[in-house]
Protein chains: 2
Amino acid sequence: MDAATTHFTDRMGLLFEAEGQPPIAGRIFGYLMVSDDPRSLDQLAEALDVSKASVSTNARRLADQGVLERVCRPADRHDYYAVAPDLFSRTMEGRLRRWQRFTEAVGEARRTLPTPSERVRGRLRGYETAYAYMVDAIGAAVDRWERRARPGRR
Amino acid sequence: MDAATTHFTDRMGLLFEAEGQPPIAGRIFGYLMVSDDPRSLDQLAEALDVSKASVSTNARRLADQGVLERVCRPADRHDYYAVAPDLFSRTMEGRLRRWQRFTEAVGEARRTLPTPSERVRGRLRGYETAYAYMVDAIGAAVDRWERRARPGRR
DNA sequence: CCGCACGTTCAGGCTGTATTGAACGGATGA
DNA sequence: TCATCCGTTCAATACAGCCTGAACGTGCGG
């Protein structure tokens, strides 16, 4: 692996770490981002110099999140991974899902708090409304983007 | 602190943890979210049953991020904290900033990789374009939201 | 039926970080 | 000037999670 690629994968590892994900997951993602073809677990383990166990776990994790796609080739027992073709909208979906968890907690609080003041109730309700507004706006923007970047798909 | 509030603050702690932030930061945020008035460091430490050192560090951290606001009262040496009034747009700004780091790394990769294939180059460029598109869309949505939620402000 | 090549799982070591108690600096008021 | 009350900083500890090597299950080929 050349120096520029190593630099990029390491940086992705740090960025993923800052988002609460394992560093290796970020490095896998980074490596596949700059890979032309899908890569097998062995290729990933060797390129990144990490154990196959980690690669297996983290690659599957990323695939579950929709960041990667598992590619199967006929007459080949290897699992190959590649960045998801609709990576961007998947990422946005994931972000909205994470925000939704916050909003659910806020909604539960608004419903179960014993004696919320008017200000607190308004604050919580305001957060929920803003979230709903954002879901619409971002969803619409992603749709527009997808239509622009991949006209005719679906 | 009543059970519903404790439940909410703990949940916020877990959600913050999943985002790569200290749990106590989330609990502070949660507690201030359902607090009518600004709270002092001592109040926070007692309510959440944590050391004042942690409260000091994490509250300042959140204030730096724009999530909280430090409130000063005349003739009172205490520091008070409250959720930022423009919490939502601050949160969005922070999210865009984090995405920007990814995009910067992608841009650097596109410029420094020794022999990127056409597919890889297109992928990286596509990511950068999508990010720029999203910054615009989200920025515009936040503006619309701010104008709707706080008409007349500035 | 055996050998091999995969991917997965799991206990254990290890590193990084959150949290704490204690010490510190600064400002205020007597 | 001293005593007190803040908030901050720091070394030390506890803890959580990542990563790994080895063992396991599975399916294919000989």
# chains A, B, ... in the order shown; residues from 1 in each chain; ligands from 1
>>> residues_around(residues="Leu124 of chain B", least_positions_apart="6", cutoff="10 Å", atoms="only C-alpha atoms (C1' of nucleotides)", output="PDB file with C-alpha atoms, in the first residue's frame")
ATOM      1  CA  MET A  33     -13.149   3.899  -0.958  1.00  0.00           C
ATOM      2  CA  VAL A  34      -9.933   4.080  -2.968  1.00  0.00           C
TER       3      VAL A  34
ATOM      4  CA  THR B 103     -14.731  15.596   2.754  1.00  0.00           C
ATOM      5  CA  VAL B 106     -11.487  12.652   0.500  1.00  0.00           C
ATOM      6  CA  GLY B 107     -10.316  15.708  -1.394  1.00  0.00           C
ATOM      7  CA  GLU B 108      -6.762  15.221  -0.263  1.00  0.00           C
ATOM      8  CA  ALA B 109      -6.903  11.597  -1.336  1.00  0.00           C
ATOM      9  CA  ARG B 110      -8.202  12.538  -4.742  1.00  0.00           C
ATOM     10  CA  PRO B 116      -6.423   6.277  -9.029  1.00  0.00           C
ATOM     11  CA  ALA B 130     -22.731  15.320  -2.757  1.00  0.00           C
TER      12      ALA B 130
END
>>> closest_atom_pairs(of="chain D", to="chain A", cutoff="8 Å", atoms="only C-alpha atoms (C1' of nucleotides)", output="tab-separated table")
residue	atom	partner	partner_atom	distance
D:DC18	C1'	A:Pro22	CA	7.0
D:DC19	C1'	A:Ser54	CA	6.7
D:DT20	C1'	A:Ser51	CA	6.5
>>> closest_atom_pairs(of="chain C", to="chain A", cutoff="10 Å", atoms="only C-alpha atoms (C1' of nucleotides)", output="CSV")
residue,atom,partner,partner_atom,distance
C:DA5,C1',A:Arg77,CA,8.8
C:DC6,C1',A:His78,CA,6.8
C:DG7,C1',A:Ser56,CA,7.3
C:DT8,C1',A:Ser56,CA,7.7
C:DT9,C1',A:Ala53,CA,8.9
>>> write_last_selection(atoms="N, CA and C atoms (P, O5', C5', C4', C3', O3' and C1' of nucleotides)", output="PDB file, in the first residue's frame")
ATOM      1  P    DA C   5      -5.335 -24.902   1.747  1.00  0.00           P
ATOM      2  O5'  DA C   5      -6.505 -23.858   1.483  1.00  0.00           O
ATOM      3  C5'  DA C   5      -7.503 -24.162   0.514  1.00  0.00           C
ATOM      4  C4'  DA C   5      -8.744 -23.362   0.815  1.00  0.00           C
ATOM      5  C3'  DA C   5      -8.479 -21.952   1.367  1.00  0.00           C
ATOM      6  O3'  DA C   5      -9.342 -21.033   0.737  1.00  0.00           O
ATOM      7  C1'  DA C   5      -9.886 -23.124   2.832  1.00  0.00           C
ATOM      8  P    DC C   6      -8.920 -19.536   0.588  1.00  0.00           P
ATOM      9  O5'  DC C   6     -10.194 -18.762   1.097  1.00  0.00           O
ATOM     10  C5'  DC C   6     -10.526 -18.934   2.461  1.00  0.00           C
ATOM     11  C4'  DC C   6     -11.998 -18.857   2.651  1.00  0.00           C
ATOM     12  C3'  DC C   6     -12.390 -17.722   3.568  1.00  0.00           C
ATOM     13  O3'  DC C   6     -13.213 -16.788   2.900  1.00  0.00           O
ATOM     14  C1'  DC C   6     -13.114 -19.848   4.452  1.00  0.00           C
ATOM     15  P    DG C   7     -13.387 -15.365   3.562  1.00  0.00           P
ATOM     16  O5'  DG C   7     -14.416 -15.646   4.731  1.00  0.00           O
ATOM     17  C5'  DG C   7     -15.747 -16.034   4.403  1.00  0.00           C
ATOM     18  C4'  DG C   7     -16.530 -16.299   5.669  1.00  0.00           C
ATOM     19  C3'  DG C   7     -16.590 -15.112   6.643  1.00  0.00           C
ATOM     20  O3'  DG C   7     -17.933 -14.927   7.072  1.00  0.00           O
ATOM     21  C1'  DG C   7     -15.702 -17.012   7.742  1.00  0.00           C
ATOM     22  P    DT C   8     -18.276 -13.729   8.095  1.00  0.00           P
ATOM     23  O5'  DT C   8     -18.314 -14.486   9.493  1.00  0.00           O
ATOM     24  C5'  DT C   8     -19.130 -15.640   9.637  1.00  0.00           C
ATOM     25  C4'  DT C   8     -18.940 -16.260  11.011  1.00  0.00           C
ATOM     26  C3'  DT C   8     -19.061 -15.270  12.184  1.00  0.00           C
ATOM     27  O3'  DT C   8     -20.107 -15.696  13.037  1.00  0.00           O
ATOM     28  C1'  DT C   8     -17.126 -16.637  12.410  1.00  0.00           C
ATOM     29  P    DT C   9     -20.561 -14.758  14.237  1.00  0.00           P
ATOM     30  O5'  DT C   9     -19.859 -15.434  15.495  1.00  0.00           O
ATOM     31  C5'  DT C   9     -19.899 -16.842  15.636  1.00  0.00           C
ATOM     32  C4'  DT C   9     -19.015 -17.285  16.792  1.00  0.00           C
ATOM     33  C3'  DT C   9     -19.102 -16.396  18.041  1.00  0.00           C
ATOM     34  O3'  DT C   9     -19.251 -17.231  19.180  1.00  0.00           O
ATOM     35  C1'  DT C   9     -16.846 -16.655  17.389  1.00  0.00           C
TER      36       DT C   9
END
>>> interface_residues(of="chain B", to="chain A", cutoff="6 Å", atoms="only C-alpha atoms", output="PyMOL selection string")
chain B and resi 4+18-20+34+36+113+120
>>> atom_distance(atom1="atom C1' of DG26 of chain C", atom2="atom CA of Asn58 of chain B")
21.4 Å
>>> atom_distance(atom1="atom CA of Ala84 of chain B", atom2="atom CA of Gly66 of chain B")
6.8 Å
>>> atom_distance(atom1="atom C1' of DC10 of chain D", atom2="atom C1' of DT19 of chain C")
12.6 Å
